[in-house]
$ cat upload.pdb   # PDB, C-alpha atoms
ATOM      1  CA  MET A 284      41.799  35.114-218.098
ATOM      2  CA  TYR A 285      45.064  33.248-217.679
ATOM      3  CA  ALA A 286      46.045  35.720-214.956
ATOM      4  CA  ARG A 287      42.658  35.219-213.273
ATOM      5  CA  LEU A 288      43.088  31.434-213.364
ATOM      6  CA  GLU A 289      46.540  31.707-211.770
ATOM      7  CA  GLU A 290      45.206  34.019-209.056
ATOM      8  CA  LEU A 291      42.315  31.626-208.321
ATOM      9  CA  GLU A 292      44.747  28.702-208.121
ATOM     10  CA  ALA A 293      46.853  30.587-205.570
ATOM     11  CA  GLN A 294      43.772  31.528-203.525
ATOM     12  CA  ILE A 295      42.509  27.929-203.516
ATOM     13  CA  LEU A 296      45.869  26.591-202.332
ATOM     14  CA  GLU A 297      46.098  29.321-199.668
ATOM     15  CA  ALA A 298      42.591  28.526-198.422
ATOM     16  CA  ARG A 299      43.414  24.822-198.222
ATOM     17  CA  ALA A 300      46.653  25.509-196.386
ATOM     18  CA  ALA A 301      44.829  27.733-193.908
ATOM     19  CA  GLY A 302      42.284  24.991-193.324
ATOM     20  CA  THR A 303      44.667  22.049-192.955
ATOM     21  CA  GLY A 304      47.679  23.758-191.394
ATOM     22  CA  ASP A 305      49.793  21.228-193.286
ATOM     23  CA  ALA A 306      53.366  22.314-194.061
ATOM     24  CA  GLU A 307      53.282  20.799-197.538
ATOM     25  CA  ASP A 308      50.020  22.612-198.353
ATOM     26  CA  ARG A 309      51.607  25.841-197.084
ATOM     27  CA  ARG A 310      54.637  25.290-199.330
ATOM     28  CA  ARG A 311      52.450  24.762-202.405
ATOM     29  CA  ALA A 312      50.457  27.884-201.586
ATOM     30  CA  ASP A 313      53.615  29.964-201.113
ATOM     31  CA  GLU A 314      55.038  28.746-204.417
ATOM     32  CA  ALA A 315      51.798  29.559-206.255
ATOM     33  CA  ARG A 316      51.720  33.046-204.751
ATOM     34  CA  ALA A 317      55.410  33.659-205.491
ATOM     35  CA  ARG A 318      54.807  32.850-209.171
ATOM     36  CA  LEU A 319      52.370  35.755-209.313
ATOM     37  CA  MET A 320      54.785  38.299-207.830
ATOM     38  CA  PRO A 321      55.879  40.876-210.432
ATOM     39  CA  ILE A 322      59.453  40.865-211.646
ATOM     40  CA  PRO A 323      61.294  43.767-209.961
ATOM     41  CA  GLY A 324      62.198  46.696-212.118
ATOM     42  CA  VAL A 325      65.732  47.750-212.895
ATOM     43  CA  GLU A 326      65.661  50.538-210.304
ATOM     44  CA  GLU A 327      64.570  48.072-207.630
ATOM     45  CA  LEU A 328      67.375  45.701-208.562
ATOM     46  CA  LEU A 329      70.011  48.435-208.578
ATOM     47  CA  ASN A 330      68.871  50.417-205.558
ATOM     48  CA  GLY A 331      67.235  47.696-203.482
ATOM     49  CA  TRP A 332      68.986  45.431-201.052
ATOM     50  CA  MET A 333      68.890  41.631-200.790
ATOM     51  CA  ASP A 334      69.593  39.129-198.079
ATOM     52  CA  GLY A 335      72.085  36.263-198.272
ATOM     53  CA  ASP A 336      69.621  34.083-200.183
ATOM     54  CA  GLY A 337      69.177  36.653-202.934
ATOM     55  CA  LEU A 338      65.687  37.673-201.815
ATOM     56  CA  PHE A 339      64.334  41.118-201.128
ATOM     57  CA  PRO A 340      63.095  41.522-197.536
ATOM     58  CA  GLU A 341      59.508  41.886-198.759
ATOM     59  CA  ALA A 342      59.710  38.478-200.439
ATOM     60  CA  THR A 343      61.307  36.891-197.386
ATOM     61  CA  ALA A 344      58.637  38.366-195.140
ATOM     62  CA  MET A 345      55.905  37.051-197.419
ATOM     63  CA  LEU A 346      57.317  33.522-197.421
ATOM     64  CA  THR A 347      58.170  33.349-193.716
ATOM     65  CA  ASP A 348      55.489  35.589-192.159
ATOM     66  CA  GLN A 349      58.214  37.704-190.566
ATOM     67  CA  ALA A 350      58.331  41.471-190.344
ATOM     68  CA  VAL A 351      60.485  43.334-192.842
ATOM     69  CA  ARG A 352      63.644  44.599-191.168
ATOM     70  CA  PRO A 353      65.237  47.716-192.673
ATOM     71  CA  PRO A 354      68.941  47.616-193.492
ATOM     72  CA  GLN A 355      71.280  48.876-190.799
ATOM     73  CA  ARG A 356      72.067  52.538-191.348
ATOM     74  CA  VAL A 357      75.672  53.654-191.718
ATOM     75  CA  ARG A 358      76.872  56.820-190.011
ATOM     76  CA  PRO A 359      79.231  58.517-192.497
ATOM     77  CA  GLY A 360      82.540  59.811-191.184
ATOM     78  CA  GLU A 361      83.641  63.429-191.090
ATOM     79  CA  GLU A 362      85.443  63.237-194.472
ATOM     80  CA  ALA A 363      82.385  61.705-196.139
ATOM     81  CA  ARG A 364      80.111  64.382-194.679
ATOM     82  CA  LYS A 365      82.419  67.162-195.861
ATOM     83  CA  LEU A 366      82.713  65.744-199.384
ATOM     84  CA  TYR A 367      78.970  65.230-199.531
ATOM     85  CA  ARG A 368      78.210  68.816-198.547
ATOM     86  CA  GLU A 369      80.630  70.167-201.161
ATOM     87  CA  LEU A 370      79.281  67.969-203.939
ATOM     88  CA  VAL A 371      75.665  68.826-203.204
ATOM     89  CA  ARG A 372      76.527  72.526-203.078
ATOM     90  CA  LYS A 373      78.273  72.359-206.461
ATOM     91  CA  ALA A 374      76.161  69.822-208.353
ATOM     92  CA  HIS A 375      72.629  70.373-207.083
ATOM     93  CA  PRO A 376      70.126  70.007-209.996
ATOM     94  CA  ASP A 377      68.367  73.272-209.070
ATOM     95  CA  LEU A 378      71.482  75.136-210.203
ATOM     96  CA  ALA A 379      70.965  73.982-213.801
ATOM     97  CA  GLN A 380      69.451  76.284-216.405
ATOM     98  CA  GLU A 381      68.804  73.698-219.130
ATOM     99  CA  ASP A 382      66.937  70.394-218.976
ATOM    100  CA  GLU A 383      69.903  68.388-220.280
ATOM    101  CA  GLU A 384      72.214  69.799-217.620
ATOM    102  CA  ARG A 385      69.597  69.224-214.926
ATOM    103  CA  ALA A 386      69.279  65.570-215.963
ATOM    104  CA  ARG A 387      73.076  65.186-215.796
ATOM    105  CA  ARG A 388      73.160  66.666-212.314
ATOM    106  CA  GLU A 389      70.273  64.502-211.109
ATOM    107  CA  GLU A 390      72.052  61.352-212.289
ATOM    108  CA  PHE A 391      75.271  62.490-210.609
ATOM    109  CA  ILE A 392      73.589  63.412-207.313
ATOM    110  CA  THR A 393      71.888  60.008-207.261
ATOM    111  CA  ARG A 394      75.338  58.394-207.217
ATOM    112  CA  VAL A 395      76.524  60.882-204.597
ATOM    113  CA  ASN A 396      73.576  60.039-202.341
ATOM    114  CA  ALA A 397      74.203  56.310-202.732
ATOM    115  CA  ALA A 398      77.885  56.656-201.819
ATOM    116  CA  TYR A 399      77.046  58.854-198.822
ATOM    117  CA  ALA A 400      74.421  56.367-197.605
ATOM    118  CA  ARG A 401      77.162  53.717-197.576
ATOM    119  CA  GLY A 402      79.590  56.078-195.866
ATOM    120  CA  ASP A 403      81.981  55.465-198.771
ATOM    121  CA  ALA A 404      84.476  58.338-198.561
ATOM    122  CA  ALA A 405      86.691  56.838-201.291
ATOM    123  CA  GLN A 406      83.788  56.775-203.741
ATOM    124  CA  LEU A 407      82.881  60.343-202.818
ATOM    125  CA  ARG A 408      86.471  61.425-203.530
ATOM    126  CA  GLU A 409      86.242  59.817-206.969
ATOM    127  CA  LEU A 410      82.953  61.584-207.596
ATOM    128  CA  ALA A 411      84.502  64.909-206.541
ATOM    129  CA  GLU A 412      87.320  64.366-209.057
ATOM    130  CA  GLU A 413      84.789  63.430-211.730
ATOM    131  CA  TRP A 414      82.795  66.598-211.132
ATOM    132  CA  ALA A 415      85.924  68.772-211.111
ATOM    133  CA  ALA A 416      86.963  67.351-214.488
ATOM    134  CA  GLY A 417      83.604  68.410-215.937
ATOM    135  CA  PRO A 418      81.437  66.597-218.486
ATOM    136  CA  ALA A 419      83.293  64.680-221.154
ATOM    137  CA  PRO A 420      83.211  66.525-224.481
ATOM    138  CA  GLU A 421      80.612  65.049-226.779
ATOM    139  CA  ARG A 422      81.953  63.740-230.074
ATOM    140  CA  ARG A 423      79.390  63.434-232.821
ATOM    141  CA  PRO A 424      79.770  60.252-234.866
ATOM    142  CA  SER A 425      80.521  60.533-238.544
ATOM    143  CA  ARG A 426      77.854  59.801-241.148
ATOM    144  CA  GLY A 427      79.460  56.444-241.844
ATOM    145  CA  GLU A 428      79.467  55.530-238.142
ATOM    146  CA  GLU A 429      75.803  56.495-237.840
ATOM    147  CA  LEU A 430      74.867  54.308-240.794
ATOM    148  CA  TYR A 431      76.879  51.403-239.432
ATOM    149  CA  VAL A 432      75.194  51.632-236.029
ATOM    150  CA  ARG A 433      71.756  51.803-237.649
ATOM    151  CA  LEU A 434      72.498  48.760-239.800
ATOM    152  CA  GLU A 435      73.726  46.865-236.738
ATOM    153  CA  TRP A 436      70.517  47.737-234.893
ATOM    154  CA  LEU A 437      68.335  46.707-237.837
ATOM    155  CA  ASP A 438      70.208  43.415-238.152
ATOM    156  CA  ARG A 439      69.694  42.619-234.449
ATOM    157  CA  ARG A 440      66.054  43.698-234.729
ATOM    158  CA  LYS A 441      65.480  41.426-237.710
ATOM    159  CA  GLU A 442      67.055  38.483-235.866
ATOM    160  CA  MET A 443      64.937  39.159-232.768
ATOM    161  CA  LEU A 444      61.719  39.385-234.808
ATOM    162  CA  THR A 445      62.572  36.175-236.640
ATOM    163  CA  LEU A 446      63.002  34.352-233.320
ATOM    164  CA  LEU A 447      59.817  35.897-231.950
ATOM    165  CA  ALA A 448      57.831  34.835-235.016
ATOM    166  CA  LYS A 449      59.179  31.297-234.670
ATOM    167  CA  GLU A 450      58.208  31.177-230.983
ATOM    168  CA  LEU A 451      54.705  32.406-231.783
ATOM    169  CA  GLU A 452      54.285  29.846-234.565
ATOM    170  CA  GLU A 453      55.431  27.030-232.265
ATOM    171  CA  SER A 454      53.296  28.134-229.304
ATOM    172  CA  ALA A 455      50.116  26.284-228.364
ATOM    173  CA  ILE A 456      47.861  29.028-229.699
ATOM    174  CA  GLY A 457      49.951  29.293-232.864
ATOM    175  CA  ALA A 458      49.516  25.587-233.489
ATOM    176  CA  MET A 459      45.764  25.855-232.942
ATOM    177  CA  LEU A 460      45.480  28.839-235.280
ATOM    178  CA  ARG A 461      47.145  26.834-238.030
ATOM    179  CA  LEU A 462      44.261  24.356-237.729
ATOM    180  CA  ALA A 463      41.771  27.106-238.599
ATOM    181  CA  PRO A 464      43.421  29.370-241.191
ATOM    182  CA  ASP A 465      40.065  30.417-242.660
ATOM    183  CA  ASP A 466      38.555  31.670-239.382
ATOM    184  CA  PRO A 467      41.251  32.238-236.736
ATOM    185  CA  ASP A 468      39.127  34.821-234.901
ATOM    186  CA  ARG A 469      36.424  32.253-234.229
ATOM    187  CA  LEU A 470      39.004  29.844-232.858
ATOM    188  CA  LEU A 471      40.296  32.519-230.481
ATOM    189  CA  GLU A 472      36.724  33.150-229.346
ATOM    190  CA  GLU A 473      36.335  29.432-228.595
ATOM    191  CA  ILE A 474      39.568  29.476-226.575
ATOM    192  CA  ALA A 475      38.293  32.490-224.627
ATOM    193  CA  GLU A 476      35.003  30.701-223.933
ATOM    194  CA  GLN A 477      36.869  27.645-222.641
ATOM    195  CA  LEU A 478      38.974  29.834-220.365
ATOM    196  CA  ALA A 479      35.866  31.609-219.082
ATOM    197  CA  THR A 480      34.370  28.217-218.214
ATOM    198  CA  GLN A 481      37.558  27.250-216.350
ATOM    199  CA  VAL A 482      37.448  30.538-214.438
ATOM    200  CA  ARG A 483      33.865  29.871-213.317
ATOM    201  CA  GLU A 484      34.793  26.345-212.250
ATOM    202  CA  ARG A 485      37.766  27.551-210.211
ATOM    203  CA  GLU A 486      35.675  30.301-208.621
ATOM    204  CA  ALA A 487      33.145  27.686-207.565
ATOM    205  CA  GLU A 488      35.945  25.505-206.188
ATOM    206  CA  LEU A 489      37.354  28.426-204.217
ATOM    207  CA  ALA A 490      33.910  29.188-202.787
ATOM    208  CA  ALA A 491      33.558  25.533-201.747
ATOM    209  CA  VAL A 492      36.956  25.514-200.042
ATOM    210  CA  LEU A 493      36.061  28.720-198.187
ATOM    211  CA  GLY A 494      32.711  27.229-197.211
ATOM    212  CA  LYS A 495      30.665  29.803-199.078
ATOM    213  CA  ASP A 496      27.414  29.160-200.877
TER     214      ASP A 496
END
$ encode --input "upload.pdb" --output "structure tokens"
Amino acid sequence: MYARLEELEAQILEARAAGTGDAEDRRRADEARARLMPIPGVEELLNGWMDGDGLFPEATAMLTDQAVRPPQRVRPGEEARKLYRELVRKAHPDLAQEDEERARREEFITRVNAAYARGDAAQLRELAEEWAAGPAPERRPSRGEELYVRLEWLDRRKEMLTLLAKELEESAIGAMLRLAPDDPDRLLEEIAEQLATQVREREAELAAVLGKD
């Protein structure tokens, strides 16, 4: 319901901005819509590209009504093309027999592709040396090291859960639930009913702004 309220708020502001054409109304509408945009995933952050303001082209296009322009392609040099061909021939994932080895090759080829897309011959040379050296031998930790790592993880987990519990207790809903310790479920139902009423009110407001019955 909170998500629905935020979406309705953005739609109302966008409808008003479309009706008035006012720059300030347009700014408020853009800000409301931007707040609803999902946070990019790790892969998007690592493999995407940003402009000078730290925005992805899709976000810039949304805020400025401009078309998304793809990044300028780089034409790799002869050395980069040669290194790329050799690395793909040697490290292609289809050459693997086991799942673990295939995963290693896929991760490696991803880096090879990225370096080739940039035309980075120096990086490709480093990758060729890395592949020639082979995978680093795996050293199994001792029993004591395993126990230490597990204890460290449990300690961090306990600290995180303690902070999370404190945040939940201090939140608005946590404070309200403390007022009704005997029937917290009923209180949550009342909160949901209030939110449902707000949703209906905002839907009616949006319909009025759009000129609908």
$ residues_around --input "upload.pdb" --residues "Glu389 (chain A)" --least-positions-apart "3" --cutoff "10 Å" --atoms "all atoms listed in the file" --output "list of chain:residue names"
A:Ala374, A:His375, A:Pro376, A:Asp377, A:Ala379, A:Glu383, A:Glu384, A:Arg385, A:Ala386, A:Ile392, A:Thr393, A:Arg394, A:Val395
$ write_last_selection --input "upload.pdb" --atoms "C-alpha atoms" --output "PDB file, in the frame of the given file"
ATOM      1  CA  ALA A 374      76.161  69.822-208.353  1.00  0.00           C
ATOM      2  CA  HIS A 375      72.629  70.373-207.083  1.00  0.00           C
ATOM      3  CA  PRO A 376      70.126  70.007-209.996  1.00  0.00           C
ATOM      4  CA  ASP A 377      68.367  73.272-209.070  1.00  0.00           C
ATOM      5  CA  ALA A 379      70.965  73.982-213.801  1.00  0.00           C
ATOM      6  CA  GLU A 383      69.903  68.388-220.280  1.00  0.00           C
ATOM      7  CA  GLU A 384      72.214  69.799-217.620  1.00  0.00           C
ATOM      8  CA  ARG A 385      69.597  69.224-214.926  1.00  0.00           C
ATOM      9  CA  ALA A 386      69.279  65.570-215.963  1.00  0.00           C
ATOM     10  CA  ILE A 392      73.589  63.412-207.313  1.00  0.00           C
ATOM     11  CA  THR A 393      71.888  60.008-207.261  1.00  0.00           C
ATOM     12  CA  ARG A 394      75.338  58.394-207.217  1.00  0.00           C
ATOM     13  CA  VAL A 395      76.524  60.882-204.597  1.00  0.00           C
TER      14      VAL A 395
END
$ residues_around --input "upload.pdb" --residues "Gly494 (chain A)" --least-positions-apart "3" --cutoff "12 Å" --atoms "only C-alpha atoms" --output "list in words"
Ile295, Ala298, Arg299, Gly302, Ala487, Glu488, Leu489, Ala490 and Ala491 of chain A
$ residues_around --input "upload.pdb" --residues "region 401-403 of chain A" --least-positions-apart "5" --cutoff "7 Å" --atoms "only C-alpha atoms" --output "PyMOL selection string"
chain A and resi 357-360+363
$ axis_aligned_box --input "upload.pdb" --around "region 370-381 of chain A" --padding-each-side "5 Å" --output "AutoDock Vina command-line options"
--center_x 73.8 --center_y 72.1 --center_z -211.1 --size_x 20.9 --size_y 18.3 --size_z 26.1
$ atom_distance --input "upload.pdb" --atom1 "CA of Arg483 (chain A)" --atom2 "CA of Leu288 (chain A)"
9.4 Å
$ residues_around --input "upload.pdb" --residues "Glu297 (chain A)" --least-positions-apart "6" --cutoff "9 Å" --atoms "all atoms listed in the file" --output "MDAnalysis selection string"
chainID A and resid 308:309 311:313 315:316
$ closest_residue --input "upload.pdb" --among "A:Leu478, A:Leu460, A:Ala405, A:Leu319" --to "Tyr367 (chain A)" --atoms "only C-alpha atoms"
A:Ala405
$ closest_residue --input "upload.pdb" --among "A:Asp382, A:Glu292, A:Glu412, A:Asp466" --to "Leu366 (chain A)" --atoms "only C-alpha atoms"
A:Glu412
$ atom_distance --input "upload.pdb" --atom1 "CA of Ala475 (chain A)" --atom2 "CA of Glu452 (chain A)"
19.0 Å
$ atom_distance --input "upload.pdb" --atom1 "CA of Ala317 (chain A)" --atom2 "CA of Glu453 (chain A)"
27.6 Å
$ residues_around --input "upload.pdb" --residues "Lys365 (chain A)" --least-positions-apart "6" --cutoff "12 Å" --atoms "only C-alpha atoms" --output "list of chain:residue names"
A:Pro359, A:Val371, A:Arg372, A:Tyr399, A:Gly402, A:Ala404, A:Leu407, A:Arg408, A:Ala411
$ closest_residue --input "upload.pdb" --among "A:Ala455, A:Leu446, A:Ala300, A:Leu291" --to "Ile474 (chain A)" --atoms "only C-alpha atoms"
A:Ala455
